[in-house]
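Asks: Sharing start.csv, CSV, C-alpha atoms:
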chain,number,residue,atom,x,y,z
A,297,MET,CA,20.4,-22.2,-7.1
A,298,LEU,CA,19.2,-22.5,-3.5
A,299,TYR,CA,18.6,-19.1,-1.9
A,300,ASP,CA,18.6,-18.4,1.8
A,301,CYS,CA,15.6,-16.3,1.3
A,302,ILE,CA,13.3,-15.2,-1.5
A,303,ILE,CA,11.4,-12.0,-0.9
A,304,VAL,CA,8.2,-11.6,-2.9
A,305,GLY,CA,7.6,-7.9,-3.3
A,306,GLY,CA,10.1,-5.0,-3.7
A,307,GLY,CA,8.2,-2.3,-1.9
A,308,ILE,CA,9.1,-0.7,1.3
A,309,ALA,CA,8.9,-3.8,3.6
A,310,GLY,CA,10.6,-6.1,1.1
A,311,LEU,CA,13.5,-3.6,0.5
A,312,GLN,CA,14.1,-3.0,4.3
A,313,ALA,CA,14.2,-6.8,4.8
A,314,ALA,CA,16.6,-7.2,1.8
A,315,ILE,CA,19.0,-4.6,3.2
A,316,GLN,CA,19.1,-6.3,6.6
A,317,LEU,CA,19.5,-9.8,5.2
A,318,GLY,CA,22.2,-8.6,2.8
A,319,ARG,CA,24.1,-7.2,5.8
A,320,TYR,CA,23.8,-10.7,7.3
A,321,ARG,CA,25.6,-11.9,4.1
A,322,HIS,CA,22.7,-14.2,3.1
A,323,ASN,CA,22.1,-14.9,-0.6
A,324,VAL,CA,18.8,-13.2,-1.2
A,325,LEU,CA,16.5,-12.8,-4.2
A,326,VAL,CA,13.9,-10.1,-4.4
A,327,ILE,CA,11.1,-10.6,-7.0
A,328,ASP,CA,9.1,-7.5,-7.7
A,329,ALA,CA,6.3,-6.9,-10.3
A,330,GLY,CA,7.4,-3.2,-10.4
A,331,TYR,CA,3.9,-1.8,-9.6
A,332,GLY,CA,2.3,-1.3,-6.2
A,333,ARG,CA,1.1,1.2,-3.7
A,334,SER,CA,4.6,2.8,-3.2
A,335,THR,CA,5.0,3.3,-7.0
A,336,LEU,CA,1.9,5.4,-7.1
A,337,CYS,CA,2.6,7.7,-4.1
A,338,ARG,CA,4.3,10.9,-5.3
A,339,SER,CA,5.3,11.9,-1.7
A,340,TYR,CA,5.4,10.5,1.8
A,341,HIS,CA,5.2,13.3,4.3
A,342,ASN,CA,5.4,11.6,7.7
A,343,LEU,CA,8.8,9.8,7.5
A,344,LEU,CA,11.7,10.5,9.8
A,345,GLY,CA,14.5,12.2,7.9
A,346,TRP,CA,12.3,13.5,5.0
A,347,PRO,CA,10.5,16.6,6.3
A,348,ASN,CA,9.9,17.8,2.8
A,349,GLY,CA,8.6,14.4,1.6
A,350,ILE,CA,10.0,11.7,-0.6
A,351,SER,CA,8.2,9.8,-3.4
A,352,GLY,CA,7.7,6.1,-3.3
A,353,ASP,CA,9.7,5.7,-6.6
A,354,GLU,CA,12.7,7.5,-5.1
A,355,LEU,CA,12.5,5.6,-1.9
A,356,ARG,CA,12.4,2.3,-3.8
A,357,LYS,CA,15.4,3.3,-6.0
A,358,LEU,CA,17.4,4.2,-2.9
A,359,GLY,CA,16.4,1.0,-1.2
A,360,ARG,CA,17.3,-1.2,-4.2
A,361,LYS,CA,20.7,0.5,-4.6
A,362,HIS,CA,21.4,0.0,-0.9
A,363,ALA,CA,20.4,-3.7,-0.9
A,364,GLU,CA,22.4,-4.4,-4.1
A,365,SER,CA,25.5,-3.0,-2.4
A,366,TYR,CA,25.3,-6.1,-0.1
A,367,GLY,CA,24.9,-8.5,-3.0
A,368,VAL,CA,21.1,-8.9,-3.0
A,369,GLU,CA,19.7,-9.9,-6.4
A,370,PHE,CA,16.6,-8.4,-7.9
A,371,MET,CA,14.3,-9.7,-10.6
A,372,THR,CA,11.3,-7.9,-12.2
A,373,ASP,CA,8.6,-10.5,-12.6
A,374,GLU,CA,5.4,-11.7,-11.0
A,375,VAL,CA,5.2,-14.8,-8.8
A,376,ILE,CA,2.2,-16.9,-9.9
A,377,LYS,CA,2.7,-20.0,-7.9
A,378,ALA,CA,4.4,-21.1,-4.6
A,379,GLY,CA,4.6,-24.4,-2.9
A,380,ILE,CA,6.5,-26.5,-0.4
A,381,HIS,CA,9.9,-28.0,-1.6
A,382,PRO,CA,12.2,-30.5,0.0
A,383,SER,CA,14.7,-27.7,0.5
A,384,GLY,CA,12.2,-25.2,1.6
A,385,PHE,CA,9.9,-23.4,-0.9
A,386,ALA,CA,9.6,-23.3,-4.6
A,387,ILE,CA,8.1,-20.5,-6.7
A,388,GLN,CA,7.2,-20.1,-10.3
A,389,LEU,CA,7.3,-16.8,-12.2
A,390,LYS,CA,5.0,-15.5,-14.9
A,391,GLU,CA,7.7,-14.4,-17.4
A,392,LYS,CA,10.3,-17.1,-16.6
A,393,SER,CA,7.7,-19.9,-16.2
A,394,THR,CA,10.1,-22.6,-17.3
A,395,LEU,CA,12.5,-21.9,-14.5
A,396,GLY,CA,12.0,-22.8,-10.8
A,397,TYR,CA,13.4,-20.8,-7.9
A,398,VAL,CA,13.9,-22.4,-4.5
A,399,ALA,CA,14.7,-20.9,-1.1
A,400,ARG,CA,15.1,-22.1,2.5
A,401,THR,CA,12.9,-19.2,3.8
A,402,LEU,CA,10.2,-17.0,2.2
A,403,LEU,CA,9.1,-13.5,3.0
A,404,LEU,CA,5.8,-12.3,1.6
A,405,ALA,CA,5.8,-8.5,1.2
A,406,THR,CA,3.2,-8.4,-1.6
A,407,GLY,CA,1.3,-5.4,-0.3
A,408,VAL,CA,-2.1,-3.9,-1.0
A,409,LEU,CA,-3.4,-2.0,-4.1
A,410,ASP,CA,-6.0,0.7,-3.4
A,411,ARG,CA,-9.2,0.4,-5.5
A,412,PHE,CA,-10.1,3.6,-7.4
A,413,PRO,CA,-11.6,4.4,-10.8
A,414,PRO,CA,-9.4,5.4,-13.7
A,415,LEU,CA,-10.3,9.0,-13.5
A,416,PRO,CA,-8.2,11.3,-15.8
A,417,GLY,CA,-5.9,13.5,-13.8
A,418,LEU,CA,-6.1,11.5,-10.6
A,419,VAL,CA,-2.9,9.4,-10.5
A,420,PRO,CA,-0.4,12.3,-10.9
A,421,CYS,CA,-1.9,13.9,-7.8
A,422,LEU,CA,-1.6,10.9,-5.5
A,423,GLY,CA,0.5,11.7,-2.4
A,424,LEU,CA,0.9,15.3,-3.5
A,425,THR,CA,-2.6,16.8,-3.2
A,426,VAL,CA,-4.8,13.7,-3.3
A,427,TYR,CA,-4.4,11.2,-0.4
A,428,VAL,CA,-5.4,7.8,0.7
A,429,CYS,CA,-4.7,7.5,4.4
A,430,PRO,CA,-5.9,10.0,7.0
A,431,ASP,CA,-3.3,8.8,9.5
A,432,CYS,CA,-0.5,9.6,7.0
A,433,ASP,CA,-1.9,12.8,5.5
A,434,GLY,CA,-4.9,14.2,7.4
A,435,TYR,CA,-2.5,16.9,8.5
A,436,GLU,CA,-2.0,18.0,4.8
A,437,VAL,CA,-5.7,19.1,4.5
A,438,ARG,CA,-6.0,21.1,7.6
A,439,ASN,CA,-8.3,24.1,7.1
A,440,ARG,CA,-8.5,23.4,3.3
A,441,ARG,CA,-11.5,22.8,1.1
A,442,THR,CA,-11.3,19.0,0.8
A,443,ILE,CA,-13.2,16.7,-1.5
A,444,VAL,CA,-13.6,13.0,-0.7
A,445,LEU,CA,-14.0,10.9,-3.8
A,446,GLY,CA,-15.5,7.6,-2.7
A,447,SER,CA,-18.1,5.0,-2.6
A,448,GLY,CA,-21.0,4.6,-0.1
A,449,GLU,CA,-20.4,4.4,3.6
A,450,VAL,CA,-16.6,3.9,3.1
A,451,GLY,CA,-16.3,7.4,1.7
A,452,ALA,CA,-18.8,8.8,4.2
A,453,SER,CA,-16.8,7.4,7.2
A,454,LEU,CA,-13.5,8.9,5.9
A,455,THR,CA,-15.2,12.2,5.3
A,456,LEU,CA,-16.4,12.3,8.9
A,457,THR,CA,-12.9,11.3,10.1
A,458,LEU,CA,-11.4,14.4,8.3
A,459,LEU,CA,-13.5,16.8,10.4
A,460,GLU,CA,-10.6,16.7,12.9
A,461,TYR,CA,-8.6,18.6,10.3
A,462,THR,CA,-11.0,20.7,8.3
A,463,LYS,CA,-14.7,21.7,8.4
A,464,ASP,CA,-14.8,22.5,4.7
A,465,LEU,CA,-15.7,19.1,3.3
A,466,ILE,CA,-17.5,17.7,0.3
A,467,TYR,CA,-18.3,14.1,-0.2
A,468,ILE,CA,-18.9,12.8,-3.7
A,469,ASN,CA,-20.4,9.3,-3.8
A,470,HIS,CA,-19.0,8.4,-7.2
A,471,GLU,CA,-20.5,4.9,-7.3
A,472,LYS,CA,-23.8,6.0,-5.9
A,473,GLN,CA,-23.8,3.2,-3.3
A,474,SER,CA,-26.4,3.3,-0.6
A,475,ILE,CA,-25.8,5.0,2.7
A,476,ARG,CA,-27.8,4.4,5.9
A,477,SER,CA,-30.1,7.2,7.0
A,478,GLN,CA,-28.3,7.7,10.3
A,479,VAL,CA,-25.0,8.2,8.4
A,480,MET,CA,-26.6,10.7,6.0
A,481,ASP,CA,-28.0,12.5,9.1
A,482,GLU,CA,-24.5,12.7,10.5
A,483,LEU,CA,-23.1,14.2,7.3
A,484,ASN,CA,-25.9,16.7,7.2
A,485,LYS,CA,-25.5,17.6,10.9
A,486,LYS,CA,-21.8,18.3,10.4
A,487,GLY,CA,-22.4,20.5,7.4
A,488,ILE,CA,-20.8,18.2,4.9
A,489,VAL,CA,-21.9,18.9,1.3
A,490,TYR,CA,-23.0,15.6,-0.4
A,491,PHE,CA,-23.3,14.6,-4.0
A,492,ALA,CA,-24.3,11.2,-5.3
A,493,GLU,CA,-23.0,11.7,-8.8
A,494,ALA,CA,-20.3,10.0,-11.0
A,495,ILE,CA,-17.1,12.0,-11.5
A,496,GLU,CA,-16.0,12.5,-15.1
A,497,HIS,CA,-12.4,13.8,-14.5
A,498,VAL,CA,-10.1,15.5,-12.1
A,499,TRP,CA,-9.1,19.1,-12.6
A,500,THR,CA,-5.5,20.0,-12.0
A,501,ALA,CA,-3.3,23.0,-12.3
A,502,GLY,CA,0.0,21.6,-13.4
A,503,GLU,CA,1.5,18.3,-12.4
A,504,GLY,CA,0.0,17.0,-9.2
A,505,LEU,CA,-1.9,20.1,-8.1
A,506,PHE,CA,-5.5,19.1,-7.5
A,507,GLN,CA,-8.2,21.8,-8.2
A,508,GLY,CA,-11.4,19.9,-8.2
A,509,VAL,CA,-13.6,17.6,-10.2
A,510,GLN,CA,-16.1,17.7,-13.0
A,511,LEU,CA,-19.2,15.5,-12.6
A,512,GLU,CA,-20.7,13.6,-15.4
A,513,ASN,CA,-23.7,16.0,-15.3
A,514,GLY,CA,-21.2,18.8,-16.2
A,515,GLN,CA,-21.1,20.4,-12.7
A,516,VAL,CA,-17.7,21.5,-11.5
A,517,ILE,CA,-16.8,21.1,-7.8
A,518,ASN,CA,-13.8,23.2,-6.7
A,519,GLY,CA,-11.4,22.0,-4.0
A,520,GLU,CA,-7.8,22.4,-2.8
A,521,ARG,CA,-7.2,18.8,-1.6
A,522,ALA,CA,-8.8,15.4,-1.9
A,523,PHE,CA,-9.0,11.9,-0.4
A,524,ILE,CA,-10.0,8.7,-2.1
A,525,ALA,CA,-12.0,6.1,-0.3
A,526,PHE,CA,-13.6,3.4,-2.5
A,527,GLY,CA,-13.1,0.4,-0.3
A,528,ARG,CA,-12.6,-3.2,-1.3
A,529,ASN,CA,-8.8,-2.7,-1.8
A,530,HIS,CA,-6.9,-5.6,-3.3
A,531,VAL,CA,-5.0,-7.4,-0.6
A,532,LYS,CA,-2.4,-9.3,-2.5
A,533,THR,CA,-2.2,-12.6,-0.5
A,534,GLN,CA,-3.0,-15.2,-3.1
A,535,LEU,CA,0.4,-16.8,-2.6
A,536,ALA,CA,-0.2,-17.1,1.1
A,537,GLU,CA,-3.5,-18.9,0.4
A,538,GLN,CA,-1.6,-21.3,-1.9
A,539,LEU,CA,0.9,-22.0,0.8
A,540,GLY,CA,-1.8,-22.6,3.5
A,541,VAL,CA,-0.9,-19.5,5.5
A,542,GLU,CA,-3.6,-18.3,7.9
A,543,ARG,CA,-5.4,-15.2,6.7
A,544,LEU,CA,-8.1,-13.0,8.3
A,545,GLU,CA,-11.5,-12.6,6.7
A,546,ASN,CA,-10.2,-9.4,5.0
A,547,LYS,CA,-7.4,-11.5,3.5
A,548,HIS,CA,-4.6,-9.9,5.5
A,549,ILE,CA,-2.0,-12.4,6.7
A,550,VAL,CA,-1.8,-13.3,10.4
A,551,THR,CA,1.7,-13.1,11.8
A,552,ASP,CA,3.4,-13.7,15.2
A,553,PRO,CA,3.5,-10.3,16.9
A,554,ARG,CA,7.2,-10.7,17.9
A,555,SER,CA,8.8,-12.4,14.9
A,556,LYS,CA,6.3,-11.7,12.0
A,557,MET,CA,6.4,-15.4,11.1
A,558,THR,CA,3.2,-16.7,9.6
A,559,SER,CA,1.3,-19.8,10.6
A,560,VAL,CA,3.6,-21.8,8.3
A,561,GLN,CA,7.1,-22.5,9.5
A,562,ASN,CA,9.8,-20.4,7.7
A,563,ILE,CA,7.3,-18.2,5.9
A,564,TRP,CA,7.2,-14.5,7.0
A,565,ALA,CA,5.0,-11.6,6.1
A,566,ALA,CA,5.6,-7.9,6.4
A,567,GLY,CA,4.1,-4.7,5.2
A,568,ASP,CA,0.6,-3.9,4.1
A,569,ALA,CA,-0.2,-7.6,3.3
A,570,ALA,CA,0.0,-8.4,7.0
A,571,ALA,CA,-2.5,-7.3,9.6
A,572,HIS,CA,-1.5,-3.9,10.9
A,573,ALA,CA,-1.7,-0.1,10.4
A,574,GLU,CA,-0.8,0.6,6.8
A,575,GLN,CA,2.1,3.0,7.3
A,576,VAL,CA,5.5,3.2,5.5
A,577,SER,CA,7.4,3.4,8.8
A,578,VAL,CA,5.6,0.3,10.0
A,579,ALA,CA,6.4,-1.6,6.8
A,580,MET,CA,10.1,-0.7,7.3
A,581,GLY,CA,10.0,-2.0,10.9
A,582,GLU,CA,8.2,-5.2,10.0
A,583,GLY,CA,10.7,-5.8,7.1
A,584,ALA,CA,13.6,-5.4,9.5
A,585,ILE,CA,12.0,-7.6,12.2
A,586,SER,CA,11.2,-10.3,9.7
A,587,ALA,CA,14.8,-10.3,8.5
A,588,ILE,CA,16.2,-10.6,12.0
A,589,TRP,CA,14.1,-13.7,12.7
A,590,ILE,CA,14.8,-15.1,9.2
A,591,HIS,CA,18.5,-14.8,10.1
A,592,LYS,CA,17.9,-16.7,13.4
A,593,ALA,CA,16.0,-19.5,11.6
A,594,LEU,CA,18.7,-19.9,9.0
A,595,HIS,CA,21.3,-20.4,11.7
A,596,GLU,CA,19.3,-23.0,13.6
Can you present the structure in this file as structure tokens?

Replies:
Amino acid sequence: MLYDCIIVGGGIAGLQAAIQLGRYRHNVLVIDAGYGRSTLCRSYHNLLGWPNGISGDELRKLGRKHAESYGVEFMTDEVIKAGIHPSGFAIQLKEKSTLGYVARTLLLATGVLDRFPPLPGLVPCLGLTVYVCPDCDGYEVRNRRTIVLGSGEVGASLTLTLLEYTKDLIYINHEKQSIRSQVMDELNKKGIVYFAEAIEHVWTAGEGLFQGVQLENGQVINGERAFIAFGRNHVKTQLAEQLGVERLENKHIVTDPRSKMTSVQNIWAAGDAAAHAEQVSVAMGEGAISAIWIHKALHE
């Protein structure tokens, strides 16, 4: 079957695009691996209409149901290969590798995965009491004792950023990466407590309630909230590279500011994989914009 559009990635950007394209009555296939940044977040706090927060899983379920009501198809699998086809673009899946899927247009909404160690107790807290993005959740740590779990200067930089919200800060350099003397001086000057020690596990009080960490040396560090900042996040743009799409040095995809089309005709990118501020509301907007311009292209 020839689809009007295949969307690779069923996160927030991909779902918003699917809804819009479904309303245009295009035949659309969304292929999603079922795991990503939005599946890990237990609560988004800064979205219009959700003052008490909503989990990434719940938002995805609502989005999929909405898109399916317009006839959008969904498939759980991983796209391992993409290339040019006489009718547009062809993709190959990991599980259904014997089958080929072809579309006139392609939307890459493959996202980003944050890098962090597999610390026991950490994942259930993500989005509830442990955060990733200060733009999203700096507000949540205001005047609270906050621990930054991180690596080197990436974690140090985030810790200094959080001074806008709280002065009670601790930075644990879990990977013991080097920090320039001037950055260490800044941490000391601002009264930030610093440890260059590996973390053994995260202490919680019930599901998702962060209480602190225990270091490998046995020391317990108490806290009310936490951020993670390990750097070198996985920008999932391998397919873009296969297709010859322009990427930045940090592997984010370059898109046209107006249409979100990439450097390759009839391939779009939206959400965290593209070059922008990594916000759920921005991902929604980029998904919608991409869909509008995909619709225009399909009619030309």

Asks: Taking 2 positions as the minimum chain separation for residues in the same chain, which residues sit within 10 Å of region 543-555 of chain A when counting only C-alpha atoms? Answer as number ranges by chain.

Replies: A: 404, 407-408, 528-534, 536-537, 540-541, 557-560, 563-572, 582, 585-590

Asks: For Arg333 (chain A), which of A:Phe526, A:Phe491, A:Tyr427, A:Tyr461 is the closest residue, counting all atoms listed in the file?

Replies: A:Tyr427

Asks: Compile the contact shell of Gly423 (chain A) as a PDB file with C-alpha atoms, in the coordinates of the input: residues with an atom at most 7 Å away, counting all atoms listed in the file, same-chain residues fewer than 4 positions apart removed.

Replies:
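Contents of the output file around.pdb:
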ATOM      1  CA  CYS A 337       2.600   7.700  -4.100  1.00  0.00           C
ATOM      2  CA  ARG A 338       4.300  10.900  -5.300  1.00  0.00           C
ATOM      3  CA  SER A 339       5.300  11.900  -1.700  1.00  0.00           C
ATOM      4  CA  TYR A 340       5.400  10.500   1.800  1.00  0.00           C
ATOM      5  CA  TYR A 427      -4.400  11.200  -0.400  1.00  0.00           C
TER       6      TYR A 427
END

Asks: Mind giving me the straight-line distance from CA of Cys421 (chain A) to CA of Leu458 (chain A) in Å, one decimal?

Replies: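 Interatomic distance here is 18.7 Å.
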
Asks: For Ser383 (chain A), list every protein, DNA or RNA residue within 10 Å, evaluated using only C-alpha atoms, and leave out those in the same chain fewer than 3 positions away; present the list as an mmCIF file with C-alpha atoms, in the frame of the given file.

Replies:
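selection_24.cif was written with the following content:
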data_model
loop_
_atom_site.group_PDB
_atom_site.id
_atom_site.type_symbol
_atom_site.label_atom_id
_atom_site.label_comp_id
_atom_site.auth_asym_id
_atom_site.auth_seq_id
_atom_site.Cartn_x
_atom_site.Cartn_y
_atom_site.Cartn_z
ATOM 1 C CA LEU A 298 19.200 -22.500 -3.500
ATOM 2 C CA TYR A 299 18.600 -19.100 -1.900
ATOM 3 C CA ILE A 380 6.500 -26.500 -0.400
ATOM 4 C CA ALA A 386 9.600 -23.300 -4.600
ATOM 5 C CA VAL A 398 13.900 -22.400 -4.500
ATOM 6 C CA ALA A 399 14.700 -20.900 -1.100
ATOM 7 C CA ARG A 400 15.100 -22.100 2.500
ATOM 8 C CA THR A 401 12.900 -19.200 3.800
#

Asks: Just give me the gap between CA of His497 (chain A) and CA of Pro416 (chain A) in Å, one decimal is fine.

Replies: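 Interatomic distance here is 5.1 Å.
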
Asks: Would you mind reading off the distance between CA of Val304 (chain A) and CA of Asp433 (chain A), one decimal, in Å?

Replies: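 Calculated distance between CA of Val304 (chain A) and CA of Asp433 (chain A) is 27.7 Å.
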
Asks: Choose the residue, out of A:Asn342, A:Gln515, A:Thr455, A:Thr372, that has the smallest atom-to-atom separation from Gly330 (chain A); count only C-alpha atoms.

Replies: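 Answer, going by the shortest atom-to-atom distance: A:Thr372.
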
Asks: Taking all atoms listed in the file into account, which of A:Thr406, A:Ser474, A:Asn439, A:Gln388 comes nearest Ile303 (chain A)?

Replies: A:Thr406

Asks: Counting all atoms listed in the file, figure out which residue out of A:Glu460, A:Glu471, A:Glu596, A:Asp410 gets nearest to Ser447 (chain A).

Replies: A:Glu471

Asks: Which polymer residues, whether protein, DNA or RNA, lie within 9 Å of the coordinate (-18.5, 13.6, 7.7) when you count all atoms listed in the file? List them as a list in words, using the chain letters and numbers from the file.

Replies: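 Applying the cut-off with all atoms listed in the file, one gets Gly451, Ala452, Ser453, Leu454, Thr455, Leu456, Thr457, Leu458, Leu459, Lys463, Leu465, Ile466, Tyr467, Val479, Met480, Glu482, Leu483, Asn484, Lys485, Lys486, Gly487, Ile488 and Val489 of chain A.
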
Asks: Taking all atoms listed in the file into account, name the residue in A:Gly508, A:Gly434, A:Gly384, A:Gly502 that is nearest to Ile468 (chain A).

Replies: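 So, comparing all the options, the nearest one is A:Gly508.
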
Asks: For a quick check of understanding, using all atoms listed in the file, which of A:Arg438, A:Ile327, A:Thr425, A:Glu449 has the smallest distance to Gln478 (chain A)?

Replies: A:Glu449

Asks: So which residues touch region 306-313 of chain A within 6 Å, counting only C-alpha atoms, skipping near sequence neighbours fewer than 2 positions away, as an mmCIF file with C-alpha atoms, in the coordinates of the input?

Replies:
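This is the output file part_2.cif:
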data_model
loop_
_atom_site.group_PDB
_atom_site.id
_atom_site.type_symbol
_atom_site.label_atom_id
_atom_site.label_comp_id
_atom_site.auth_asym_id
_atom_site.auth_seq_id
_atom_site.Cartn_x
_atom_site.Cartn_y
_atom_site.Cartn_z
ATOM 1 C CA ILE A 315 19.000 -4.600 3.200
ATOM 2 C CA GLN A 316 19.100 -6.300 6.600
ATOM 3 C CA ASP A 328 9.100 -7.500 -7.700
ATOM 4 C CA GLY A 359 16.400 1.000 -1.200
ATOM 5 C CA ALA A 405 5.800 -8.500 1.200
ATOM 6 C CA ALA A 566 5.600 -7.900 6.400
ATOM 7 C CA GLY A 567 4.100 -4.700 5.200
ATOM 8 C CA ALA A 579 6.400 -1.600 6.800
ATOM 9 C CA MET A 580 10.100 -0.700 7.300
ATOM 10 C CA GLY A 583 10.700 -5.800 7.100
ATOM 11 C CA ALA A 584 13.600 -5.400 9.500
ATOM 12 C CA ALA A 587 14.800 -10.300 8.500
#
